[in-house]
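Visitor: Contents of start02.tsv (TSV, C-alpha atoms):
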```tsv
chain	number	residue	atom	x	y	z
A	1	MET	CA	35.99	-54.66	-31.49
A	2	SER	CA	32.56	-54.21	-29.89
A	3	THR	CA	30.95	-50.78	-29.84
A	4	PHE	CA	30.95	-50.67	-26.04
A	5	SER	CA	33.40	-51.80	-23.39
A	6	HIS	CA	34.22	-50.86	-19.83
A	7	GLN	CA	37.51	-50.88	-17.94
A	8	THR	CA	38.33	-49.67	-14.45
A	9	HIS	CA	41.93	-48.82	-13.58
A	10	PRO	CA	43.12	-49.42	-10.02
A	11	PHE	CA	43.40	-46.58	-7.57
A	12	THR	CA	46.85	-45.07	-7.37
A	13	PRO	CA	47.94	-43.74	-3.93
A	14	GLY	CA	47.73	-39.96	-3.88
A	15	ALA	CA	45.38	-39.79	-6.84
A	16	GLU	CA	42.08	-37.93	-6.78
A	17	ASP	CA	38.66	-39.53	-6.34
A	18	ARG	CA	37.40	-41.82	-9.05
A	19	ILE	CA	36.42	-40.20	-12.35
A	20	ASP	CA	33.75	-41.77	-14.57
A	21	LEU	CA	34.64	-41.07	-18.18
A	22	LEU	CA	32.97	-41.84	-21.51
A	23	LEU	CA	35.25	-42.18	-24.55
A	24	ILE	CA	33.58	-41.88	-27.97
A	25	ASP	CA	36.06	-43.31	-30.48
A	26	ASP	CA	35.82	-46.18	-32.98
A	27	ASP	CA	39.58	-46.72	-33.48
A	28	PRO	CA	40.74	-49.63	-31.23
A	29	SER	CA	44.37	-48.49	-31.27
A	30	ASP	CA	43.41	-44.95	-30.21
A	31	VAL	CA	41.17	-46.35	-27.45
A	32	LEU	CA	44.08	-48.44	-26.12
A	33	LEU	CA	46.34	-45.38	-26.30
A	34	VAL	CA	43.92	-43.24	-24.28
A	35	GLU	CA	43.43	-46.00	-21.70
A	36	LYS	CA	47.20	-46.39	-21.37
A	37	MET	CA	47.79	-42.64	-20.90
A	38	LEU	CA	45.07	-42.36	-18.26
A	39	ALA	CA	46.47	-45.39	-16.42
A	40	GLU	CA	49.97	-43.86	-16.46
A	41	SER	CA	48.62	-40.51	-15.23
A	42	GLY	CA	47.72	-41.87	-11.78
A	43	LEU	CA	44.02	-41.03	-12.05
A	44	ASP	CA	41.42	-43.45	-10.70
A	45	VAL	CA	39.31	-43.65	-13.86
A	46	GLY	CA	36.35	-45.75	-14.90
A	47	ILE	CA	36.20	-45.71	-18.71
A	48	ALA	CA	33.17	-46.56	-20.79
A	49	VAL	CA	33.92	-46.78	-24.52
A	50	ALA	CA	31.39	-46.17	-27.30
A	51	GLY	CA	32.16	-46.60	-30.99
A	52	ASP	CA	29.37	-44.35	-32.22
A	53	LEU	CA	26.78	-41.83	-31.06
A	54	ALA	CA	24.03	-44.41	-30.52
A	55	ALA	CA	26.30	-46.45	-28.23
A	56	ALA	CA	27.30	-43.25	-26.44
A	57	ARG	CA	23.66	-42.55	-25.62
A	58	ARG	CA	23.34	-46.00	-24.05
A	59	ALA	CA	26.63	-45.75	-22.18
A	60	LEU	CA	26.09	-42.30	-20.68
A	61	THR	CA	24.94	-42.35	-17.03
A	62	ARG	CA	24.30	-39.77	-14.34
A	63	ARG	CA	27.73	-40.62	-12.90
A	64	THR	CA	29.58	-39.71	-16.10
A	65	GLN	CA	31.76	-36.69	-15.34
A	66	CYS	CA	33.61	-36.22	-18.62
A	67	ILE	CA	33.12	-37.19	-22.27
A	68	LEU	CA	36.12	-37.51	-24.59
A	69	VAL	CA	34.96	-37.41	-28.21
A	70	ASP	CA	36.75	-37.85	-31.53
A	71	LEU	CA	35.04	-35.66	-34.14
A	72	SER	CA	35.97	-38.16	-36.88
A	73	THR	CA	33.97	-40.98	-35.25
A	74	PRO	CA	31.23	-42.41	-37.54
A	75	GLY	CA	27.96	-40.53	-37.09
A	76	ILE	CA	29.71	-37.51	-35.59
A	77	ASP	CA	30.08	-34.96	-38.34
A	78	ARG	CA	32.48	-32.51	-36.79
A	79	LEU	CA	30.62	-29.51	-35.29
A	80	GLU	CA	27.14	-30.89	-35.87
A	81	GLY	CA	28.13	-34.13	-34.20
A	82	LEU	CA	29.73	-32.20	-31.34
A	83	ARG	CA	26.47	-30.32	-30.81
A	84	GLN	CA	24.67	-33.67	-30.55
A	85	VAL	CA	27.17	-34.84	-27.95
A	86	LEU	CA	26.77	-31.58	-26.01
A	87	ALA	CA	22.99	-31.95	-26.13
A	88	LEU	CA	23.12	-35.34	-24.43
A	89	SER	CA	26.03	-34.57	-22.08
A	90	GLY	CA	23.95	-33.14	-19.22
A	91	ALA	CA	26.27	-32.24	-16.33
A	92	ALA	CA	29.29	-34.00	-17.90
A	93	ALA	CA	32.18	-31.98	-19.29
A	94	VAL	CA	32.96	-32.50	-22.98
A	95	VAL	CA	36.54	-32.55	-24.27
A	96	VAL	CA	37.33	-33.00	-27.95
A	97	LEU	CA	40.21	-35.50	-28.44
A	98	THR	CA	40.71	-35.87	-32.16
A	99	GLY	CA	43.25	-36.46	-34.88
A	100	LEU	CA	42.01	-33.37	-36.72
A	101	ASP	CA	44.77	-30.78	-36.27
A	102	ASP	CA	42.60	-27.81	-37.22
A	103	ALA	CA	42.99	-24.63	-35.14
A	104	HIS	CA	39.88	-23.03	-36.65
A	105	LEU	CA	37.81	-26.13	-35.84
A	106	GLY	CA	39.22	-26.06	-32.31
A	107	VAL	CA	38.04	-22.49	-31.79
A	108	GLN	CA	34.59	-23.37	-33.15
A	109	ALA	CA	34.37	-26.44	-30.92
A	110	VAL	CA	35.16	-24.48	-27.75
A	111	ALA	CA	32.75	-21.73	-28.82
A	112	ALA	CA	30.04	-24.36	-29.29
A	113	GLY	CA	30.48	-25.51	-25.68
A	114	ALA	CA	33.35	-28.00	-25.48
A	115	GLU	CA	35.58	-27.53	-22.44
A	116	ASP	CA	38.77	-28.16	-24.42
A	117	TYR	CA	40.12	-29.23	-27.85
A	118	LEU	CA	43.06	-31.65	-27.88
A	119	VAL	CA	44.93	-33.08	-30.86
A	120	LYS	CA	45.90	-36.75	-30.34
A	121	GLN	CA	49.34	-36.37	-31.81
A	122	GLU	CA	50.19	-33.61	-29.32
A	123	VAL	CA	48.86	-35.23	-26.13
A	124	ASP	CA	50.78	-37.16	-23.47
A	125	ALA	CA	49.58	-38.73	-20.22
A	126	PRO	CA	50.07	-35.70	-17.89
A	127	LEU	CA	48.45	-33.33	-20.40
A	128	LEU	CA	45.43	-35.57	-20.91
A	129	ALA	CA	44.94	-36.12	-17.18
A	130	ARG	CA	45.23	-32.39	-16.50
A	131	ALA	CA	42.78	-31.57	-19.32
A	132	VAL	CA	40.21	-34.02	-17.93
A	133	ARG	CA	40.50	-32.67	-14.39
A	134	TYR	CA	40.32	-29.03	-15.51
A	135	ALA	CA	37.36	-29.73	-17.79
A	136	ILE	CA	35.42	-31.35	-14.95
A	137	GLU	CA	36.13	-28.44	-12.61
A	138	ARG	CA	35.20	-25.86	-15.26
A	139	LYS	CA	31.95	-27.69	-15.89
A	140	ARG	CA	31.22	-27.78	-12.17
A	141	SER	CA	31.90	-24.06	-11.90
A	142	GLU	CA	29.66	-23.33	-14.87
A	143	GLU	CA	26.88	-25.47	-13.40
A	144	THR	CA	27.20	-23.80	-10.02
A	145	GLU	CA	27.07	-20.36	-11.61
A	146	ARG	CA	24.07	-21.37	-13.69
A	147	ARG	CA	22.21	-22.55	-10.60
A	148	LEU	CA	23.12	-19.36	-8.74
A	149	VAL	CA	21.79	-17.25	-11.61
A	150	GLU	CA	18.58	-19.30	-11.71
A	151	ALA	CA	18.25	-18.97	-7.93
A	152	ARG	CA	18.72	-15.20	-8.13
A	153	ILE	CA	16.13	-14.91	-10.89
A	154	LEU	CA	13.69	-17.11	-8.98
A	155	GLY	CA	14.39	-15.18	-5.79
A	156	ARG	CA	13.69	-11.86	-7.49
A	157	GLU	CA	10.46	-13.22	-8.97
A	158	ASN	CA	9.37	-14.59	-5.59
A	159	ALA	CA	10.26	-11.32	-3.88
A	160	ARG	CA	8.29	-9.36	-6.48
A	161	LEU	CA	5.32	-11.65	-6.00
A	162	GLU	CA	5.45	-11.48	-2.21
A	163	ARG	CA	5.85	-7.69	-2.18
A	164	GLY	CA	2.78	-7.51	-4.41
A	165	LEU	CA	0.83	-9.49	-1.80
A	166	LEU	CA	1.64	-7.05	1.01
A	167	PRO	CA	-1.20	-4.56	1.51
A	168	VAL	CA	-1.30	-0.92	0.46
A	169	PRO	CA	-3.46	1.05	2.95
A	170	LEU	CA	-6.61	2.65	1.57
A	171	ILE	CA	-6.77	5.90	3.56
A	172	ASP	CA	-8.01	9.29	2.41
A	173	ASP	CA	-7.61	11.39	5.55
A	174	PRO	CA	-4.71	13.86	5.80
A	175	SER	CA	-4.93	13.93	9.61
A	176	LEU	CA	-3.93	10.25	9.86
A	177	ARG	CA	-0.39	8.85	9.72
A	178	HIS	CA	0.06	5.18	8.89
A	179	HIS	CA	3.27	3.21	9.60
A	180	THR	CA	4.00	-0.52	9.52
A	181	ARG	CA	6.81	-2.98	10.16
A	182	TYR	CA	6.71	-6.51	8.81
A	183	ARG	CA	9.26	-9.28	9.14
A	184	PRO	CA	8.64	-13.00	8.60
A	185	GLY	CA	10.35	-15.54	10.79
A	186	ARG	CA	11.32	-17.77	7.84
A	187	ARG	CA	14.74	-17.14	6.27
A	188	ARG	CA	14.76	-15.67	2.76
A	189	ALA	CA	11.02	-15.01	2.88
A	190	LEU	CA	9.06	-11.79	2.60
A	191	LEU	CA	5.75	-13.20	3.81
A	192	GLY	CA	4.93	-15.05	7.00
A	193	GLY	CA	1.74	-16.10	8.74
A	194	ASP	CA	1.16	-12.58	10.11
A	195	PHE	CA	-1.02	-10.17	8.13
A	196	TYR	CA	-2.54	-6.70	8.47
A	197	ASP	CA	-4.60	-4.18	6.53
A	198	THR	CA	-6.14	-0.70	6.74
A	199	VAL	CA	-9.19	0.46	4.80
A	200	GLN	CA	-11.24	3.66	4.85
A	201	THR	CA	-14.80	3.13	3.68
A	202	GLU	CA	-17.45	5.42	2.28
A	203	GLY	CA	-18.72	7.64	5.08
A	204	GLY	CA	-15.25	8.10	6.59
A	205	ALA	CA	-14.86	5.14	8.96
A	206	VAL	CA	-11.34	3.63	9.07
A	207	HIS	CA	-10.94	-0.09	9.66
A	208	LEU	CA	-7.71	-1.63	11.01
A	209	MET	CA	-6.92	-5.30	11.24
A	210	ILE	CA	-3.95	-7.43	12.25
A	211	GLY	CA	-3.84	-11.21	12.44
A	212	ASP	CA	-1.57	-14.19	13.02
A	213	VAL	CA	-1.98	-17.64	11.48
A	214	ALA	CA	-0.56	-20.35	13.75
A	215	GLY	CA	2.64	-21.66	12.15
A	216	HIS	CA	5.51	-20.23	10.12
A	217	GLY	CA	5.61	-22.02	6.76
A	218	PRO	CA	4.58	-21.05	3.22
A	219	ASP	CA	1.12	-22.61	3.71
A	220	GLU	CA	0.49	-20.32	6.69
A	221	ALA	CA	1.74	-17.33	4.68
A	222	ALA	CA	-0.65	-18.17	1.84
A	223	LEU	CA	-3.54	-18.55	4.27
A	224	GLY	CA	-2.70	-15.17	5.82
A	225	VAL	CA	-2.90	-13.53	2.40
A	226	GLN	CA	-6.25	-15.21	1.72
A	227	LEU	CA	-7.70	-14.02	5.04
A	228	ARG	CA	-6.43	-10.47	4.53
A	229	MET	CA	-7.95	-10.27	1.05
A	230	ALA	CA	-11.21	-11.74	2.32
A	231	TRP	CA	-11.28	-9.19	5.16
A	232	ARG	CA	-10.68	-6.25	2.79
A	233	THR	CA	-13.37	-7.49	0.41
A	234	LEU	CA	-15.90	-7.88	3.23
A	235	VAL	CA	-15.11	-4.44	4.65
A	236	LEU	CA	-15.48	-2.75	1.28
A	237	ALA	CA	-18.79	-4.60	0.87
A	238	GLY	CA	-20.06	-3.01	4.08
A	239	HIS	CA	-19.59	-5.87	6.57
A	240	THR	CA	-18.31	-5.06	10.06
A	241	GLY	CA	-18.01	-6.41	13.57
A	242	GLU	CA	-19.03	-9.85	14.70
A	243	GLN	CA	-20.72	-10.70	11.39
A	244	LEU	CA	-17.46	-10.07	9.53
A	245	LEU	CA	-15.49	-12.23	11.98
A	246	GLY	CA	-18.01	-15.04	11.57
A	247	THR	CA	-17.54	-14.96	7.81
A	248	LEU	CA	-13.74	-14.97	8.18
A	249	ASP	CA	-14.07	-17.95	10.53
A	250	THR	CA	-15.95	-19.78	7.76
A	251	VAL	CA	-13.31	-18.82	5.17
A	252	LEU	CA	-10.57	-20.12	7.46
A	253	GLY	CA	-12.41	-23.41	7.91
A	254	HIS	CA	-12.55	-23.94	4.15
A	255	GLU	CA	-9.02	-22.78	3.28
A	256	ARG	CA	-6.83	-24.25	6.03
A	257	ARG	CA	-5.06	-27.53	5.21
A	258	ASN	CA	-5.90	-29.16	8.57
A	259	GLU	CA	-8.27	-28.51	11.45
A	260	GLU	CA	-5.48	-27.72	13.90
A	261	ILE	CA	-4.67	-24.39	12.24
A	262	PHE	CA	-6.21	-21.34	13.90
A	263	THR	CA	-5.80	-17.58	13.55
A	264	THR	CA	-5.78	-14.79	16.13
A	265	LEU	CA	-7.06	-11.42	15.00
A	266	CYS	CA	-7.60	-7.88	16.24
A	267	MET	CA	-10.00	-5.57	14.40
A	268	ILE	CA	-10.71	-1.90	15.13
A	269	THR	CA	-13.17	0.44	13.43
A	270	ILE	CA	-12.53	4.16	13.98
A	271	ALA	CA	-15.55	6.42	13.72
A	272	PRO	CA	-15.61	9.26	11.15
A	273	SER	CA	-15.28	11.73	14.05
A	274	ARG	CA	-11.91	10.06	14.86
A	275	ARG	CA	-12.72	10.39	18.59
A	276	THR	CA	-14.13	6.90	19.24
A	277	ALA	CA	-13.60	3.36	18.00
A	278	ARG	CA	-14.92	-0.16	18.35
A	279	MET	CA	-12.62	-3.14	18.87
A	280	HIS	CA	-13.04	-6.89	18.42
A	281	LEU	CA	-10.43	-9.33	19.72
A	282	ALA	CA	-10.27	-12.95	18.58
A	283	GLY	CA	-7.63	-14.45	20.84
A	284	HIS	CA	-5.19	-11.67	19.91
A	285	PRO	CA	-3.01	-9.43	22.15
A	286	ALA	CA	-4.62	-6.10	23.01
A	287	PRO	CA	-3.32	-3.03	21.10
A	288	LEU	CA	-1.65	-0.07	22.81
A	289	LEU	CA	-3.31	3.34	22.92
A	290	PHE	CA	-1.17	6.47	23.05
A	291	ARG	CA	-3.40	9.35	24.09
A	292	GLU	CA	-2.58	13.01	24.62
A	293	THR	CA	-2.98	14.23	28.19
A	294	PRO	CA	-3.91	17.86	28.93
A	295	GLY	CA	-1.36	20.34	30.22
A	296	PRO	CA	-0.72	24.08	30.24
A	297	GLY	CA	0.00	25.36	26.73
A	298	ARG	CA	1.93	22.73	24.82
A	299	ALA	CA	3.26	21.11	27.98
A	300	GLY	CA	0.85	18.19	27.79
A	301	GLY	CA	2.12	14.64	27.38
A	302	PHE	CA	0.95	11.19	26.35
A	303	GLU	CA	-0.36	8.30	28.37
A	304	VAL	CA	0.28	4.79	27.11
A	305	THR	CA	-2.08	1.97	28.03
A	306	ALA	CA	-3.03	-1.43	26.72
A	307	LEU	CA	-6.66	-1.55	25.59
A	308	PRO	CA	-8.90	-3.72	27.81
A	309	GLU	CA	-9.08	-7.44	27.04
A	310	TYR	CA	-12.07	-8.37	29.16
A	311	ALA	CA	-14.43	-8.41	26.14
A	312	HIS	CA	-12.84	-10.87	23.74
A	313	GLY	CA	-13.66	-14.05	21.89
A	314	PRO	CA	-11.65	-17.13	20.85
A	315	ALA	CA	-9.24	-17.30	17.95
A	316	LEU	CA	-10.77	-18.04	14.56
A	317	GLY	CA	-10.99	-21.73	13.72
A	318	LEU	CA	-11.30	-23.01	17.30
A	319	VAL	CA	-14.94	-22.82	18.41
A	320	PRO	CA	-17.89	-23.35	16.04
A	321	GLY	CA	-20.50	-20.60	16.41
A	322	ALA	CA	-18.20	-18.45	18.57
A	323	GLU	CA	-19.09	-14.90	19.61
A	324	TRP	CA	-16.83	-11.85	19.64
A	325	PRO	CA	-18.15	-8.99	21.79
A	326	THR	CA	-17.48	-5.33	21.07
A	327	THR	CA	-15.27	-3.02	23.15
A	328	GLU	CA	-16.00	0.72	22.87
A	329	ILE	CA	-12.88	2.94	22.93
A	330	ASP	CA	-12.62	6.65	23.73
A	331	LEU	CA	-9.71	7.95	21.66
A	332	GLY	CA	-9.79	11.69	22.35
A	333	GLU	CA	-8.41	14.32	20.00
A	334	SER	CA	-4.80	13.27	19.39
A	335	TRP	CA	-3.91	9.62	19.66
A	336	SER	CA	-2.01	6.66	18.26
A	337	LEU	CA	-3.03	3.01	18.07
A	338	LEU	CA	-0.34	0.34	17.97
A	339	LEU	CA	-1.50	-3.07	16.73
A	340	TYR	CA	1.00	-5.94	16.76
A	341	THR	CA	1.35	-9.71	16.62
A	342	ASP	CA	2.68	-11.80	19.49
A	343	GLY	CA	6.12	-11.97	17.88
A	344	LEU	CA	6.73	-8.55	19.46
A	345	ILE	CA	5.94	-9.60	23.04
A	346	GLU	CA	7.06	-13.23	23.26
A	347	GLY	CA	10.77	-12.49	23.29
A	348	ARG	CA	12.64	-13.27	26.50
A	349	VAL	CA	13.67	-10.69	29.06
A	350	GLY	CA	17.30	-11.32	29.95
A	351	ALA	CA	18.77	-14.78	30.49
A	352	GLY	CA	15.70	-16.28	32.20
A	353	SER	CA	12.51	-17.72	30.78
A	354	GLU	CA	10.36	-14.66	31.49
A	355	ARG	CA	8.60	-13.24	28.43
A	356	LEU	CA	8.19	-9.53	27.75
A	357	GLY	CA	4.39	-9.65	27.51
A	358	THR	CA	1.99	-6.78	26.97
A	359	ASP	CA	2.91	-5.08	30.26
A	360	GLY	CA	6.57	-5.06	29.32
A	361	LEU	CA	5.75	-3.60	25.91
A	362	VAL	CA	3.74	-0.83	27.59
A	363	GLU	CA	6.77	0.09	29.69
A	364	LEU	CA	9.02	0.19	26.63
A	365	ALA	CA	6.46	2.32	24.80
A	366	ARG	CA	6.23	4.79	27.69
A	367	ALA	CA	10.00	5.12	27.77
A	368	ALA	CA	10.14	5.70	24.02
A	369	ARG	CA	7.39	8.33	24.10
A	370	GLY	CA	9.17	9.97	27.03
A	371	LYS	CA	12.11	10.52	24.70
A	372	GLY	CA	9.82	12.15	22.14
A	373	ILE	CA	9.95	9.23	19.70
A	374	ALA	CA	6.92	8.87	17.44
A	375	GLY	CA	5.82	7.53	14.05
A	376	ARG	CA	8.00	5.01	12.24
A	377	SER	CA	10.86	5.74	14.64
A	378	LEU	CA	8.64	4.55	17.49
A	379	ILE	CA	8.19	1.16	15.84
A	380	ASP	CA	11.92	0.88	15.17
A	381	GLU	CA	12.71	1.81	18.77
A	382	LEU	CA	10.32	-0.79	20.19
A	383	VAL	CA	11.55	-3.59	17.93
A	384	GLY	CA	15.16	-2.68	18.72
A	385	GLU	CA	14.55	-2.70	22.47
A	386	VAL	CA	12.65	-5.99	22.33
A	387	GLU	CA	15.56	-7.60	20.47
A	388	ARG	CA	18.06	-6.14	22.93
A	389	LEU	CA	16.17	-7.62	25.87
A	390	ASN	CA	15.84	-10.92	24.01
A	391	GLY	CA	19.58	-11.04	23.46
A	392	GLY	CA	19.24	-11.33	19.69
A	393	ALA	CA	16.86	-11.26	16.75
A	394	LEU	CA	13.30	-12.49	17.19
A	395	THR	CA	12.55	-15.81	15.50
A	396	ASP	CA	8.77	-15.50	15.23
A	397	ASP	CA	6.88	-13.65	12.51
A	398	LEU	CA	6.46	-9.98	13.36
A	399	ALA	CA	3.91	-7.41	12.23
A	400	VAL	CA	3.32	-3.95	13.70
A	401	LEU	CA	0.79	-1.34	12.56
A	402	LEU	CA	0.76	2.21	13.95
A	403	LEU	CA	-2.03	4.66	13.10
A	404	SER	CA	-1.79	8.17	14.54
A	405	ARG	CA	-3.90	11.31	14.53
A	406	GLN	CA	-2.55	14.74	15.42
A	407	VAL	CA	-4.72	17.88	15.56
```
Would you write the structure of this file as structure tokens?
Guide:
Amino acid sequence: MSTFSHQTHPFTPGAEDRIDLLLIDDDPSDVLLVEKMLAESGLDVGIAVAGDLAAARRALTRRTQCILVDLSTPGIDRLEGLRQVLALSGAAAVVVLTGLDDAHLGVQAVAAGAEDYLVKQEVDAPLLARAVRYAIERKRSEETERRLVEARILGRENARLERGLLPVPLIDDPSLRHHTRYRPGRRRALLGGDFYDTVQTEGGAVHLMIGDVAGHGPDEAALGVQLRMAWRTLVLAGHTGEQLLGTLDTVLGHERRNEEIFTTLCMITIAPSRRTARMHLAGHPAPLLFRETPGPGRAGGFEVTALPEYAHGPALGLVPGAEWPTTEIDLGESWSLLLYTDGLIEGRVGAGSERLGTDGLVELARAARGKGIAGRSLIDELVGEVERLNGGALTDDLAVLLLSRQV
């Protein structure tokens, strides 16, 4: 007989979906026997037959679900031949169907990776059909588990990488308390297009920054990391204010993948005295200032206001040669600054189309401070209230930075 043949058996009512099977066996009588048993079993089977390993390589396709192999076939030297079959099998299950009634060899074959070991003299049609079906399902389960393990490993590596790209604040001032909240809009991601950083430079000034790259994909996340690192490098090199923003605008122009991408940014520099600050806005929402108000003894409170937006410039990447004016801020003795991205204020208020906005956030912040909530709990309270008003989780990237000073 030829070394390769193909036969398709008709579909039997009630049988499972078609199974593509490769039979490696050079004995014509055994091939006919296997074909007869599979036909009697009621399976819808397409059988490709190969008389040796070379023919098997040619006959194997991506559709092949199961390989039946006789370990006494020419060119297949028992276990070594089985290993060769396993190496070329890909996603197909491998079942040994042989005349070698050797229990020890059977154990070795299964240990090497075969799904099952069947002796021809002991097999009938139902047993062979069941063995083929079970082998295919076991192989599918193994492949699914392998992919899950690979996905978990890749996920852990990606998470480790993304956590490493989140900033660690550089602050050496015991009077300052630094808290952040970061949540990307993309599922299963740790980084989004939002970014922030805090750096204290020689001389005592503290620099805060928060930004938002337009978009939500991995490219925007990567660009956000690049801009944050560029900002930190420039600050540590002594650059500040409008000059720094101009350089970031140039960096954005070179690194973005198309000219439609822009970035909003808020930058604040707190003086070494900690009583005043300078702010630059590039198309970004104004931060909130929590400032202690005088009162008898310890009966004073806090006022919560949004910093003025009248002196601001355009978002980075929109206007060549743009200018970003400076806003002077009087902080007082005890204060907190809340910087955030628009993901915190663009949630809906109730069932209508009205957005929370900066004014709505100020009201929520006043209510939270009225309950004595501060620090990280203040951020959690605000995010929780925004989501409650929105009627569910926020879908945009979200970054919040809170820096506080208590004396």
Visitor: So that I can check the surroundings of Leu118 in chain A, please list as a PyMOL selection string every protein, DNA and RNA residue that reaches within 7 Å of it, counting only C-alpha atoms and ignoring chain neighbours fewer than 6 positions away.
Guide: chain A and resi 96-98
Visitor: Keeping only C-alpha atoms, write the selected residues to a file as a CSV table (one decimal), keeping the file's coordinate frame.
Guide:
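Produced file selection_37.csv, reproduced below:
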```csv
chain,number,residue,atom,x,y,z
A,96,VAL,CA,37.3,-33.0,-28.0
A,97,LEU,CA,40.2,-35.5,-28.4
A,98,THR,CA,40.7,-35.9,-32.2
```
Visitor: Out of A:Leu244, A:Leu338, A:Ile329, A:Leu88, which residue has the shortest atom-to-atom distance to Arg177 in chain A when counting only C-alpha atoms?
Guide: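 Answer, going by the shortest atom-to-atom distance: A:Leu338.
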Visitor: Within 12 Å of Ile136 in chain A, counting only C-alpha atoms, which residues qualify if same-chain residues fewer than 4 places away don't, as a compact mmCIF listing (two decimals) with C-alpha atoms, keeping the file's coordinate frame?
Guide:
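What landed in selection-v5.txt:
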```txt
# COMPACT_ATOMS: atom_id res chain seq x y z
CA ILE A 19 36.42 -40.20 -12.35
CA ASP A 20 33.75 -41.77 -14.57
CA LEU A 21 34.64 -41.07 -18.18
CA THR A 64 29.58 -39.71 -16.10
CA GLN A 65 31.76 -36.69 -15.34
CA CYS A 66 33.61 -36.22 -18.62
CA ILE A 67 33.12 -37.19 -22.27
CA LEU A 68 36.12 -37.51 -24.59
CA ALA A 91 26.27 -32.24 -16.33
CA ALA A 92 29.29 -34.00 -17.90
CA ALA A 93 32.18 -31.98 -19.29
CA VAL A 94 32.96 -32.50 -22.98
CA VAL A 95 36.54 -32.55 -24.27
CA ALA A 114 33.35 -28.00 -25.48
CA GLU A 115 35.58 -27.53 -22.44
CA ASP A 116 38.77 -28.16 -24.42
CA ALA A 129 44.94 -36.12 -17.18
CA ARG A 130 45.23 -32.39 -16.50
CA ALA A 131 42.78 -31.57 -19.32
CA VAL A 132 40.21 -34.02 -17.93
CA ARG A 140 31.22 -27.78 -12.17
CA SER A 141 31.90 -24.06 -11.90
CA GLU A 142 29.66 -23.33 -14.87
CA GLU A 143 26.88 -25.47 -13.40
```
Visitor: Quote the spacing between CA of Thr233 in chain A and CA of Val206 in chain A in Å to one decimal place.
Guide: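 So the two atoms, CA of Thr233 in chain A and CA of Val206 in chain A, lie 14.2 Å apart.
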Visitor: Hey, what's within 9 Å of range 340-342 of chain A if we count only C-alpha atoms and toss same-chain stuff fewer than 3 positions away? As a list of chain:residue names, please?
Guide: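 So the residues in contact are A:Asp194, A:Phe195, A:Ile210, A:Gly211, A:Asp212, A:Thr264, A:Leu265, A:Cys266, A:His284, A:Pro285, A:Ala286, A:Pro287, A:Leu288, A:Ile345, A:Glu346, A:Gly347, A:Gly357, A:Asp396, A:Asp397, A:Leu398, A:Ala399, A:Val400, A:Leu401, A:Leu402.
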Visitor: Write to file, as a JSON list (two decimals), keeping the file's coordinate frame, the residues of the selection just made, with C-alpha atoms.
Guide:
```json
[["chain", "number", "residue", "atom", "x", "y", "z"],
["A", 194, "ASP", "CA", 1.16, -12.58, 10.11],
["A", 195, "PHE", "CA", -1.02, -10.17, 8.13],
["A", 210, "ILE", "CA", -3.95, -7.43, 12.25],
["A", 211, "GLY", "CA", -3.84, -11.21, 12.44],
["A", 212, "ASP", "CA", -1.57, -14.19, 13.02],
["A", 264, "THR", "CA", -5.78, -14.79, 16.13],
["A", 265, "LEU", "CA", -7.06, -11.42, 15.00],
["A", 266, "CYS", "CA", -7.60, -7.88, 16.24],
["A", 284, "HIS", "CA", -5.19, -11.67, 19.91],
["A", 285, "PRO", "CA", -3.01, -9.43, 22.15],
["A", 286, "ALA", "CA", -4.62, -6.10, 23.01],
["A", 287, "PRO", "CA", -3.32, -3.03, 21.10],
["A", 288, "LEU", "CA", -1.65, -0.07, 22.81],
["A", 345, "ILE", "CA", 5.94, -9.60, 23.04],
["A", 346, "GLU", "CA", 7.06, -13.23, 23.26],
["A", 347, "GLY", "CA", 10.77, -12.49, 23.29],
["A", 357, "GLY", "CA", 4.39, -9.65, 27.51],
["A", 396, "ASP", "CA", 8.77, -15.50, 15.23],
["A", 397, "ASP", "CA", 6.88, -13.65, 12.51],
["A", 398, "LEU", "CA", 6.46, -9.98, 13.36],
["A", 399, "ALA", "CA", 3.91, -7.41, 12.23],
["A", 400, "VAL", "CA", 3.32, -3.95, 13.70],
["A", 401, "LEU", "CA", 0.79, -1.34, 12.56],
["A", 402, "LEU", "CA", 0.76, 2.21, 13.95]]
```
Visitor: Figure out the distance between CA of Glu259 in chain A and CA of Pro314 in chain A, please, to one decimal in Å.
Guide: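 Answer for the CA of Pro314 in chain A to CA of Glu259 in chain A separation: 15.1 Å.
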Visitor: Can you tell me, as a list in words, what residues are no more than 9 Å from Asp219 in chain A when counting all atoms listed in the file, ignoring any on the same chain fewer than 6 positions away?
Guide: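 Counting all atoms listed in the file, the residues come to Gly193, Arg256 and Arg257 of chain A.
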Visitor: If we count only C-alpha atoms, what is near Glu242 in chain A at a cut-off of 8 Å, once residues fewer than 2 positions away on the same chain are taken out, given as a VMD selection string?
Guide: chain A and resid 240 244 to 246 280 323 to 326
Visitor: When you draw a straight line from CA of Gln226 in chain A to CA of Leu307 in chain A, how long is it in Å?
Guide: 27.5 Å
Visitor: Restricting the calculation to all atoms listed in the file, which member of A:Ile24, A:Leu33, A:Val386, A:Val362 is positioned closest to Ala59 in chain A?
Guide: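 The closest residue to Ala59 in chain A is A:Ile24.
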Visitor: Using only C-alpha atoms, which of A:Leu148, A:Val119, A:Leu38, A:Val69 sits nearest Ala50 in chain A?
Guide: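 Among A:Leu148, A:Val119, A:Leu38, A:Val69, it is A:Val69 that comes nearest to Ala50 in chain A.
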Visitor: May I ask which of the residues A:Ala311, A:Arg78, A:Arg181, A:Ala125 is the closest one to Ile379 in chain A, counting all atoms listed in the file?
Guide: A:Arg181
Visitor: Between A:Arg232, A:Met279, A:Gly317, A:Gly360, single out the one closest to His254 in chain A, counting all atoms listed in the file.
Guide: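 Nearest to His254 in chain A: A:Gly317.
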